[in-house]
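Enquirer: Below is the structure I would like to discuss, written out as structure tokens.
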Amino acid sequence: ARRGAAAVRRRDPRRLLQRRRLARARVKILRVPVSQYAPDGAIGSKQAAELTLPRAELERLWAPEHLESLARTYWSFLTRFSLGILRVLYGESSREVVVLTRPFVLLRFRNPEYETSADCGAVSWPIDRGLLVAPAGRGRGYLRLSVSRDPDAEGDEVVATVSSEVVNFYPLLAGWGWFSRIGQFIYNQTQLRLHVLVTHAFMRSLANLELEPSRVGSLSPVERPLSPAASPGRDEP
């Protein structure tokens, strides 16, 4: 190394090999067309990925309660990715993404809505309000996480498609009126880029096929009592 130059830490190949051994699925991030702004300032975005995995693993995970576990895993990943700065608080009728604690509520969602069928499942969180939501967007739009499979797929390996979609979102950062042209550019280069980065990282993390069990258990075949961690005002991704 040159004198005075900062030392570059080499990546340990053993850690990379260990990650590959632990991975039970292959993840391919899909290219999705970029959404355009509506005349009233609403915007949407979608990210998607294909998971190629053993058929037996998919059959094991293909149950309604695992859709709820996928949702909890998503919120848990957000907290880990942000090093604990972003947290998710549960209320009786809401989910809040906060910076460390209240009153710094970035996004408040109403209770999730689940949709399940033989080959597709989705969980949607209707947007209520928050510091990132423009006044015109309060009570409008939603965040949706969905997973689907091909019922006619054959072979020992199958493909499941996971997608994350924000629909009809009115970002405060994008502004309105004459400022919207500048604000939309700022939003696209900052908040939207960060959202895409986090979502793609979450999808890649699904390669290990490890989902965190939900402590709420709304879709569990056997109703369980509400845990202390799922009590109002507590963290429960």
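Residues in the structure tokens are numbered from 1 in each chain, the chains being A, B, ... in the order shown, and ligands are numbered from 1 in the order shown.
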As a ChimeraX atom specification, list the residues of region 23-130 of chain A assigned to strand (DSSP E or B) by DSSP on the backbone atoms of this structure.
Expert: /A:26-30,43-54,86-90,94-99,105-110,113-116,120-129
Enquirer: Residues within 9 Å of Trp125 (chain A), please, as a list in words. Count only C-alpha atoms; anything in the same chain fewer than 4 positions from it doesn't count.
Expert: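 The neighbour list is Arg95, Phe109, Arg110, Asn111, Pro112, Glu113, Gly141, Tyr142, Leu143, Arg144 and Leu145 of chain A.
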Enquirer: Looking at only C-alpha atoms, which of A:Cys120, A:Leu67, A:Ala56, A:Ile182 is the one that sits closest to Arg149 (chain A)?
Expert: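 Of A:Cys120, A:Leu67, A:Ala56, A:Ile182, the one nearest Arg149 (chain A), counting only C-alpha atoms, is A:Cys120.
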Enquirer: Distance CA of Phe77 (chain A)-CA of Leu51 (chain A), one decimal place?
Expert: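 For CA of Phe77 (chain A) relative to CA of Leu51 (chain A), the distance reads 17.7 Å.
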Enquirer: Got a sec: who's within 6 Å of region 106-108 of chain A, counting only C-alpha atoms, leaving out chain neighbours fewer than 3 positions off, as a ChimeraX atom specification?
Expert: /A:95-98,128-132
Enquirer: Show which residues sit within 8 Å of His66 (chain A), as an NGL selection string. Count only C-alpha atoms, and ignore same-chain residues fewer than 5 positions away.
Expert: :A and (61 or 211 or 213)
Enquirer: Go ahead and compute the interatomic distance for CA of Val147 (chain A) and CA of Tyr74 (chain A), in Å to one decimal.
Expert: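 So the answer is 12.8 Å.
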Enquirer: Which residue out of A:Tyr37, A:Glu65, A:Lys46, A:Thr73 has the minimum interatomic distance to Trp176 (chain A) when only C-alpha atoms are used?
Expert: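 Smallest separation from Trp176 (chain A) among the options: A:Tyr37.
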Enquirer: List the spatial neighbours of Tyr170 (chain A) as a list in words - criterion: any atom at most 9 Å away, only C-alpha atoms, same-chain residues fewer than 5 positions off excluded.
Expert: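 So the residues in contact are Asp40, Gly41, Ala42, Ile43, Gly44, Leu132, Val133, Ala134, Pro135, Ala136, Gly137, Arg138, Arg140, Gly141 and Gly175 of chain A.
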Enquirer: Quick one: write out the picked residues with C-alpha atoms as a CSV table (one decimal), in the first residue's frame?
Expert:
```
chain,number,residue,atom,x,y,z
A,40,ASP,CA,-52.9,15.9,-8.2
A,41,GLY,CA,-49.4,14.9,-7.0
A,42,ALA,CA,-49.9,11.3,-6.1
A,43,ILE,CA,-47.1,8.8,-6.8
A,44,GLY,CA,-46.7,5.1,-6.7
A,132,LEU,CA,-43.8,12.2,5.4
A,133,VAL,CA,-47.4,12.5,4.2
A,134,ALA,CA,-48.7,15.7,2.5
A,135,PRO,CA,-52.0,17.1,3.9
A,136,ALA,CA,-53.8,16.0,0.7
A,137,GLY,CA,-52.7,12.4,1.2
A,138,ARG,CA,-54.0,11.8,4.7
A,140,ARG,CA,-55.4,7.9,1.1
A,141,GLY,CA,-53.2,5.3,-0.5
A,175,GLY,CA,-44.7,19.6,-2.3
```
Enquirer: Give the helix (DSSP H, G or I) residues of region 19-219 of chain A, as DSSP finds them on the backbone, and put them as a ChimeraX atom specification.
Expert: /A:19-22,55-61,64-81,135-137,172-174,177-189,191-208
Enquirer: As an exercise, work out the distance from CA of His200 (chain A) to CA of Ile29 (chain A) in Å and give it to one decimal place.
Expert: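 Pair CA of His200 (chain A) / CA of Ile29 (chain A) returns 7.1 Å.
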Enquirer: Set the distance at 6 Å and use only C-alpha atoms: which residues neighbour Ser163 (chain A) once local chain neighbours fewer than 3 positions away are removed? I'd like the list as number ranges by chain.
Expert: A: 47-48, 145-146
Enquirer: Please write the residues from the selection above to a file, keeping N, CA and C atoms, as a compact mmCIF listing (two decimals), in the first residue's frame.
Expert:
```
# COMPACT_ATOMS: atom_id res chain seq x y z
N GLN A 47 -41.60 -2.56 -6.34
CA GLN A 47 -40.38 -3.36 -6.43
C GLN A 47 -40.80 -4.83 -6.39
N ALA A 48 -40.08 -5.65 -7.12
CA ALA A 48 -40.44 -7.06 -7.19
C ALA A 48 -39.19 -7.92 -7.32
N LEU A 145 -47.71 -5.57 0.44
CA LEU A 145 -46.70 -6.60 0.29
C LEU A 145 -47.42 -7.85 -0.17
N SER A 146 -46.99 -8.43 -1.29
CA SER A 146 -47.70 -9.59 -1.82
C SER A 146 -46.72 -10.66 -2.29
```
Enquirer: Please list as a PDB file with all heavy atoms, in the first residue's frame every residue within 12 Å of Thr79 (chain A), counting only C-alpha atoms and excluding residues in the same chain fewer than 2 positions away.
Expert:
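Ended up saving to around25.pdb:
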```pdb
ATOM      1  N   ARG A  72     -44.331  -9.220   9.319  1.00  0.00           N
ATOM      2  CA  ARG A  72     -43.531  -8.883  10.499  1.00  0.00           C
ATOM      3  C   ARG A  72     -42.035  -8.855  10.165  1.00  0.00           C
ATOM      4  O   ARG A  72     -41.288  -8.006  10.659  1.00  0.00           O
ATOM      5  CB  ARG A  72     -43.778  -9.878  11.631  1.00  0.00           C
ATOM      6  CG  ARG A  72     -42.934  -9.529  12.860  1.00  0.00           C
ATOM      7  CD  ARG A  72     -43.298 -10.352  14.066  1.00  0.00           C
ATOM      8  NE  ARG A  72     -42.551  -9.838  15.210  1.00  0.00           N
ATOM      9  CZ  ARG A  72     -41.563 -10.484  15.815  1.00  0.00           C
ATOM     10  NH1 ARG A  72     -41.207 -11.669  15.399  1.00  0.00           N
ATOM     11  NH2 ARG A  72     -40.939  -9.956  16.844  1.00  0.00           N
ATOM     12  N   THR A  73     -41.605  -9.784   9.307  1.00  0.00           N
ATOM     13  CA  THR A  73     -40.205  -9.811   8.899  1.00  0.00           C
ATOM     14  C   THR A  73     -39.828  -8.525   8.174  1.00  0.00           C
ATOM     15  O   THR A  73     -38.718  -8.009   8.325  1.00  0.00           O
ATOM     16  CB  THR A  73     -39.947 -11.033   7.995  1.00  0.00           C
ATOM     17  OG1 THR A  73     -40.329 -12.227   8.690  1.00  0.00           O
ATOM     18  CG2 THR A  73     -38.483 -11.137   7.615  1.00  0.00           C
ATOM     19  N   TYR A  74     -40.757  -7.997   7.390  1.00  0.00           N
ATOM     20  CA  TYR A  74     -40.515  -6.741   6.670  1.00  0.00           C
ATOM     21  C   TYR A  74     -40.250  -5.596   7.643  1.00  0.00           C
ATOM     22  O   TYR A  74     -39.280  -4.852   7.510  1.00  0.00           O
ATOM     23  CB  TYR A  74     -41.728  -6.433   5.796  1.00  0.00           C
ATOM     24  CG  TYR A  74     -41.654  -5.113   5.062  1.00  0.00           C
ATOM     25  CD1 TYR A  74     -40.891  -4.979   3.905  1.00  0.00           C
ATOM     26  CD2 TYR A  74     -42.346  -4.007   5.526  1.00  0.00           C
ATOM     27  CE1 TYR A  74     -40.822  -3.773   3.226  1.00  0.00           C
ATOM     28  CE2 TYR A  74     -42.290  -2.794   4.852  1.00  0.00           C
ATOM     29  CZ  TYR A  74     -41.531  -2.680   3.705  1.00  0.00           C
ATOM     30  OH  TYR A  74     -41.469  -1.479   3.055  1.00  0.00           O
ATOM     31  N   TRP A  75     -41.109  -5.447   8.655  1.00  0.00           N
ATOM     32  CA  TRP A  75     -40.931  -4.364   9.627  1.00  0.00           C
ATOM     33  C   TRP A  75     -39.673  -4.581  10.461  1.00  0.00           C
ATOM     34  O   TRP A  75     -38.968  -3.620  10.789  1.00  0.00           O
ATOM     35  CB  TRP A  75     -42.150  -4.254  10.528  1.00  0.00           C
ATOM     36  CG  TRP A  75     -43.404  -3.831   9.834  1.00  0.00           C
ATOM     37  CD1 TRP A  75     -44.604  -4.483   9.832  1.00  0.00           C
ATOM     38  CD2 TRP A  75     -43.602  -2.642   9.047  1.00  0.00           C
ATOM     39  NE1 TRP A  75     -45.525  -3.787   9.098  1.00  0.00           N
ATOM     40  CE2 TRP A  75     -44.945  -2.652   8.605  1.00  0.00           C
ATOM     41  CE3 TRP A  75     -42.781  -1.578   8.681  1.00  0.00           C
ATOM     42  CZ2 TRP A  75     -45.469  -1.627   7.812  1.00  0.00           C
ATOM     43  CZ3 TRP A  75     -43.299  -0.570   7.881  1.00  0.00           C
ATOM     44  CH2 TRP A  75     -44.627  -0.599   7.458  1.00  0.00           C
ATOM     45  N   SER A  76     -39.385  -5.827  10.808  1.00  0.00           N
ATOM     46  CA  SER A  76     -38.174  -6.109  11.587  1.00  0.00           C
ATOM     47  C   SER A  76     -36.924  -5.751  10.797  1.00  0.00           C
ATOM     48  O   SER A  76     -35.961  -5.208  11.351  1.00  0.00           O
ATOM     49  CB  SER A  76     -38.124  -7.587  11.989  1.00  0.00           C
ATOM     50  OG  SER A  76     -39.185  -7.918  12.861  1.00  0.00           O
ATOM     51  N   PHE A  77     -36.945  -6.050   9.497  1.00  0.00           N
ATOM     52  CA  PHE A  77     -35.802  -5.725   8.662  1.00  0.00           C
ATOM     53  C   PHE A  77     -35.597  -4.220   8.596  1.00  0.00           C
ATOM     54  O   PHE A  77     -34.460  -3.735   8.612  1.00  0.00           O
ATOM     55  CB  PHE A  77     -35.991  -6.289   7.245  1.00  0.00           C
ATOM     56  CG  PHE A  77     -34.831  -6.010   6.332  1.00  0.00           C
ATOM     57  CD1 PHE A  77     -33.733  -6.856   6.321  1.00  0.00           C
ATOM     58  CD2 PHE A  77     -34.828  -4.899   5.508  1.00  0.00           C
ATOM     59  CE1 PHE A  77     -32.642  -6.598   5.496  1.00  0.00           C
ATOM     60  CE2 PHE A  77     -33.753  -4.627   4.679  1.00  0.00           C
ATOM     61  CZ  PHE A  77     -32.657  -5.480   4.672  1.00  0.00           C
ATOM     62  N   PHE A  81     -32.124  -2.574   9.496  1.00  0.00           N
ATOM     63  CA  PHE A  81     -31.424  -1.835   8.444  1.00  0.00           C
ATOM     64  C   PHE A  81     -31.086  -0.419   8.902  1.00  0.00           C
ATOM     65  O   PHE A  81     -30.034   0.125   8.553  1.00  0.00           O
ATOM     66  CB  PHE A  81     -32.298  -1.791   7.184  1.00  0.00           C
ATOM     67  CG  PHE A  81     -31.601  -1.242   5.968  1.00  0.00           C
ATOM     68  CD1 PHE A  81     -30.908  -2.090   5.103  1.00  0.00           C
ATOM     69  CD2 PHE A  81     -31.643   0.110   5.673  1.00  0.00           C
ATOM     70  CE1 PHE A  81     -30.265  -1.593   3.986  1.00  0.00           C
ATOM     71  CE2 PHE A  81     -30.997   0.616   4.560  1.00  0.00           C
ATOM     72  CZ  PHE A  81     -30.310  -0.232   3.711  1.00  0.00           C
ATOM     73  N   SER A  82     -31.986   0.174   9.679  1.00  0.00           N
ATOM     74  CA  SER A  82     -31.769   1.544  10.155  1.00  0.00           C
ATOM     75  C   SER A  82     -31.000   1.580  11.469  1.00  0.00           C
ATOM     76  O   SER A  82     -30.917   2.642  12.100  1.00  0.00           O
ATOM     77  CB  SER A  82     -33.119   2.249  10.330  1.00  0.00           C
ATOM     78  OG  SER A  82     -33.870   1.641  11.368  1.00  0.00           O
ATOM     79  N   LEU A  83     -30.464   0.427  11.899  1.00  0.00           N
ATOM     80  CA  LEU A  83     -29.700   0.331  13.152  1.00  0.00           C
ATOM     81  C   LEU A  83     -30.535   0.768  14.351  1.00  0.00           C
ATOM     82  O   LEU A  83     -30.028   1.368  15.300  1.00  0.00           O
ATOM     83  CB  LEU A  83     -28.417   1.161  13.060  1.00  0.00           C
ATOM     84  CG  LEU A  83     -27.475   0.806  11.906  1.00  0.00           C
ATOM     85  CD1 LEU A  83     -26.256   1.710  11.903  1.00  0.00           C
ATOM     86  CD2 LEU A  83     -27.057  -0.660  11.994  1.00  0.00           C
ATOM     87  N   GLY A  84     -31.825   0.467  14.307  1.00  0.00           N
ATOM     88  CA  GLY A  84     -32.712   0.757  15.425  1.00  0.00           C
ATOM     89  C   GLY A  84     -33.271   2.158  15.457  1.00  0.00           C
ATOM     90  O   GLY A  84     -34.043   2.494  16.362  1.00  0.00           O
ATOM     91  N   ILE A  85     -32.909   2.988  14.479  1.00  0.00           N
ATOM     92  CA  ILE A  85     -33.411   4.364  14.472  1.00  0.00           C
ATOM     93  C   ILE A  85     -34.903   4.392  14.128  1.00  0.00           C
ATOM     94  O   ILE A  85     -35.677   5.136  14.732  1.00  0.00           O
ATOM     95  CB  ILE A  85     -32.607   5.219  13.475  1.00  0.00           C
ATOM     96  CG1 ILE A  85     -31.149   5.321  13.940  1.00  0.00           C
ATOM     97  CG2 ILE A  85     -33.223   6.602  13.318  1.00  0.00           C
ATOM     98  CD1 ILE A  85     -30.253   6.045  12.961  1.00  0.00           C
ATOM     99  N   LEU A  86     -35.299   3.562  13.158  1.00  0.00           N
ATOM    100  CA  LEU A  86     -36.716   3.458  12.794  1.00  0.00           C
ATOM    101  C   LEU A  86     -37.325   2.273  13.533  1.00  0.00           C
ATOM    102  O   LEU A  86     -36.779   1.169  13.517  1.00  0.00           O
ATOM    103  CB  LEU A  86     -36.873   3.276  11.284  1.00  0.00           C
ATOM    104  CG  LEU A  86     -36.330   4.406  10.404  1.00  0.00           C
ATOM    105  CD1 LEU A  86     -36.585   4.101   8.940  1.00  0.00           C
ATOM    106  CD2 LEU A  86     -36.951   5.742  10.791  1.00  0.00           C
ATOM    107  N   ARG A  87     -38.449   2.509  14.163  1.00  0.00           N
ATOM    108  CA  ARG A  87     -39.118   1.461  14.917  1.00  0.00           C
ATOM    109  C   ARG A  87     -40.592   1.442  14.550  1.00  0.00           C
ATOM    110  O   ARG A  87     -41.140   2.433  14.052  1.00  0.00           O
ATOM    111  CB  ARG A  87     -38.944   1.692  16.425  1.00  0.00           C
ATOM    112  CG  ARG A  87     -37.485   1.897  16.824  1.00  0.00           C
ATOM    113  CD  ARG A  87     -37.327   2.141  18.298  1.00  0.00           C
ATOM    114  NE  ARG A  87     -37.569   0.940  19.062  1.00  0.00           N
ATOM    115  CZ  ARG A  87     -37.520   0.890  20.398  1.00  0.00           C
ATOM    116  NH1 ARG A  87     -37.233   1.986  21.081  1.00  0.00           N
ATOM    117  NH2 ARG A  87     -37.739  -0.227  21.040  1.00  0.00           N
ATOM    118  N   VAL A  88     -41.241   0.319  14.793  1.00  0.00           N
ATOM    119  CA  VAL A  88     -42.658   0.170  14.484  1.00  0.00           C
ATOM    120  C   VAL A  88     -43.423  -0.034  15.787  1.00  0.00           C
ATOM    121  O   VAL A  88     -43.134  -0.954  16.558  1.00  0.00           O
ATOM    122  CB  VAL A  88     -42.906  -1.023  13.541  1.00  0.00           C
ATOM    123  CG1 VAL A  88     -44.399  -1.177  13.252  1.00  0.00           C
ATOM    124  CG2 VAL A  88     -42.138  -0.822  12.233  1.00  0.00           C
ATOM    125  N   LEU A  89     -44.378   0.846  16.032  1.00  0.00           N
ATOM    126  CA  LEU A  89     -45.199   0.777  17.232  1.00  0.00           C
ATOM    127  C   LEU A  89     -46.612   0.339  16.851  1.00  0.00           C
ATOM    128  O   LEU A  89     -47.175   0.825  15.875  1.00  0.00           O
ATOM    129  CB  LEU A  89     -45.251   2.141  17.930  1.00  0.00           C
ATOM    130  CG  LEU A  89     -43.902   2.768  18.319  1.00  0.00           C
ATOM    131  CD1 LEU A  89     -44.135   4.095  19.028  1.00  0.00           C
ATOM    132  CD2 LEU A  89     -43.089   1.826  19.198  1.00  0.00           C
ATOM    133  N   VAL A  97     -44.599   4.012  12.087  1.00  0.00           N
ATOM    134  CA  VAL A  97     -43.161   3.998  11.861  1.00  0.00           C
ATOM    135  C   VAL A  97     -42.616   5.290  12.447  1.00  0.00           C
ATOM    136  O   VAL A  97     -42.955   6.383  11.986  1.00  0.00           O
ATOM    137  CB  VAL A  97     -42.826   3.911  10.362  1.00  0.00           C
ATOM    138  CG1 VAL A  97     -41.308   3.905  10.161  1.00  0.00           C
ATOM    139  CG2 VAL A  97     -43.440   2.661   9.740  1.00  0.00           C
ATOM    140  N   VAL A  98     -41.795   5.164  13.480  1.00  0.00           N
ATOM    141  CA  VAL A  98     -41.328   6.340  14.210  1.00  0.00           C
ATOM    142  C   VAL A  98     -39.806   6.410  14.193  1.00  0.00           C
ATOM    143  O   VAL A  98     -39.121   5.404  13.997  1.00  0.00           O
ATOM    144  CB  VAL A  98     -41.826   6.331  15.674  1.00  0.00           C
ATOM    145  CG1 VAL A  98     -43.340   6.204  15.735  1.00  0.00           C
ATOM    146  CG2 VAL A  98     -41.179   5.191  16.469  1.00  0.00           C
ATOM    147  N   VAL A  99     -39.288   7.621  14.395  1.00  0.00           N
ATOM    148  CA  VAL A  99     -37.860   7.812  14.623  1.00  0.00           C
ATOM    149  C   VAL A  99     -37.637   7.698  16.126  1.00  0.00           C
ATOM    150  O   VAL A  99     -37.945   8.624  16.881  1.00  0.00           O
ATOM    151  CB  VAL A  99     -37.386   9.175  14.104  1.00  0.00           C
ATOM    152  CG1 VAL A  99     -35.902   9.360  14.397  1.00  0.00           C
ATOM    153  CG2 VAL A  99     -37.648   9.300  12.611  1.00  0.00           C
ATOM    154  N   LEU A 100     -37.176   6.549  16.558  1.00  0.00           N
ATOM    155  CA  LEU A 100     -36.908   6.206  17.950  1.00  0.00           C
ATOM    156  C   LEU A 100     -38.182   6.100  18.773  1.00  0.00           C
ATOM    157  O   LEU A 100     -38.436   5.086  19.404  1.00  0.00           O
ATOM    158  CB  LEU A 100     -35.933   7.208  18.587  1.00  0.00           C
ATOM    159  CG  LEU A 100     -34.545   7.249  17.950  1.00  0.00           C
ATOM    160  CD1 LEU A 100     -33.677   8.288  18.637  1.00  0.00           C
ATOM    161  CD2 LEU A 100     -33.876   5.880  18.009  1.00  0.00           C
ATOM    162  N   VAL A 198     -33.913   0.013   0.442  1.00  0.00           N
ATOM    163  CA  VAL A 198     -34.308  -0.805   1.587  1.00  0.00           C
ATOM    164  C   VAL A 198     -35.144  -1.998   1.130  1.00  0.00           C
ATOM    165  O   VAL A 198     -34.941  -3.133   1.593  1.00  0.00           O
ATOM    166  CB  VAL A 198     -35.087   0.039   2.610  1.00  0.00           C
ATOM    167  CG1 VAL A 198     -35.665  -0.841   3.714  1.00  0.00           C
ATOM    168  CG2 VAL A 198     -34.194   1.115   3.213  1.00  0.00           C
ATOM    169  N   PHE A 202     -34.311  -5.945   1.561  1.00  0.00           N
ATOM    170  CA  PHE A 202     -35.226  -6.863   2.248  1.00  0.00           C
ATOM    171  C   PHE A 202     -35.493  -8.096   1.388  1.00  0.00           C
ATOM    172  O   PHE A 202     -35.464  -9.229   1.893  1.00  0.00           O
ATOM    173  CB  PHE A 202     -36.530  -6.146   2.567  1.00  0.00           C
ATOM    174  CG  PHE A 202     -37.668  -7.075   2.890  1.00  0.00           C
ATOM    175  CD1 PHE A 202     -37.685  -7.782   4.082  1.00  0.00           C
ATOM    176  CD2 PHE A 202     -38.713  -7.247   1.995  1.00  0.00           C
ATOM    177  CE1 PHE A 202     -38.728  -8.662   4.383  1.00  0.00           C
ATOM    178  CE2 PHE A 202     -39.757  -8.111   2.283  1.00  0.00           C
ATOM    179  CZ  PHE A 202     -39.767  -8.824   3.479  1.00  0.00           C
ATOM    180  N   ASP A 235     -43.129  -2.038  20.440  1.00  0.00           N
ATOM    181  CA  ASP A 235     -42.576  -2.434  19.147  1.00  0.00           C
ATOM    182  C   ASP A 235     -43.099  -3.803  18.785  1.00  0.00           C
ATOM    183  O   ASP A 235     -43.034  -4.727  19.583  1.00  0.00           O
ATOM    184  CB  ASP A 235     -41.047  -2.497  19.214  1.00  0.00           C
ATOM    185  CG  ASP A 235     -40.463  -1.152  19.533  1.00  0.00           C
ATOM    186  OD1 ASP A 235     -40.469  -0.298  18.640  1.00  0.00           O
ATOM    187  OD2 ASP A 235     -40.015  -0.953  20.689  1.00  0.00           O
ATOM    188  N   GLU A 236     -43.592  -3.942  17.601  1.00  0.00           N
ATOM    189  CA  GLU A 236     -44.000  -5.261  17.114  1.00  0.00           C
ATOM    190  C   GLU A 236     -44.038  -5.215  15.605  1.00  0.00           C
ATOM    191  O   GLU A 236     -45.051  -4.942  14.991  1.00  0.00           O
ATOM    192  CB  GLU A 236     -45.361  -5.640  17.673  1.00  0.00           C
ATOM    193  CG  GLU A 236     -45.963  -6.910  17.075  1.00  0.00           C
ATOM    194  CD  GLU A 236     -45.097  -8.123  17.305  1.00  0.00           C
ATOM    195  OE1 GLU A 236     -44.297  -8.112  18.222  1.00  0.00           O
ATOM    196  OE2 GLU A 236     -45.232  -9.081  16.549  1.00  0.00           O
ATOM    197  N   PRO A 237     -42.917  -5.454  14.924  1.00  0.00           N
ATOM    198  CA  PRO A 237     -42.864  -5.364  13.470  1.00  0.00           C
ATOM    199  C   PRO A 237     -43.787  -6.399  12.827  1.00  0.00           C
ATOM    200  O   PRO A 237     -44.094  -7.401  13.440  1.00  0.00           O
ATOM    201  CB  PRO A 237     -41.405  -5.649  13.135  1.00  0.00           C
ATOM    202  CG  PRO A 237     -40.663  -5.281  14.372  1.00  0.00           C
ATOM    203  CD  PRO A 237     -41.563  -5.629  15.500  1.00  0.00           C
TER     204      PRO A 237
END
```
Enquirer: Point out the residue among A:Glu92, A:Glu68, A:Asp119, A:Glu57 with the least atom-to-atom distance to Arg24 (chain A), counting only C-alpha atoms.
Expert: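 Closest residue, counting only C-alpha atoms: A:Glu57.
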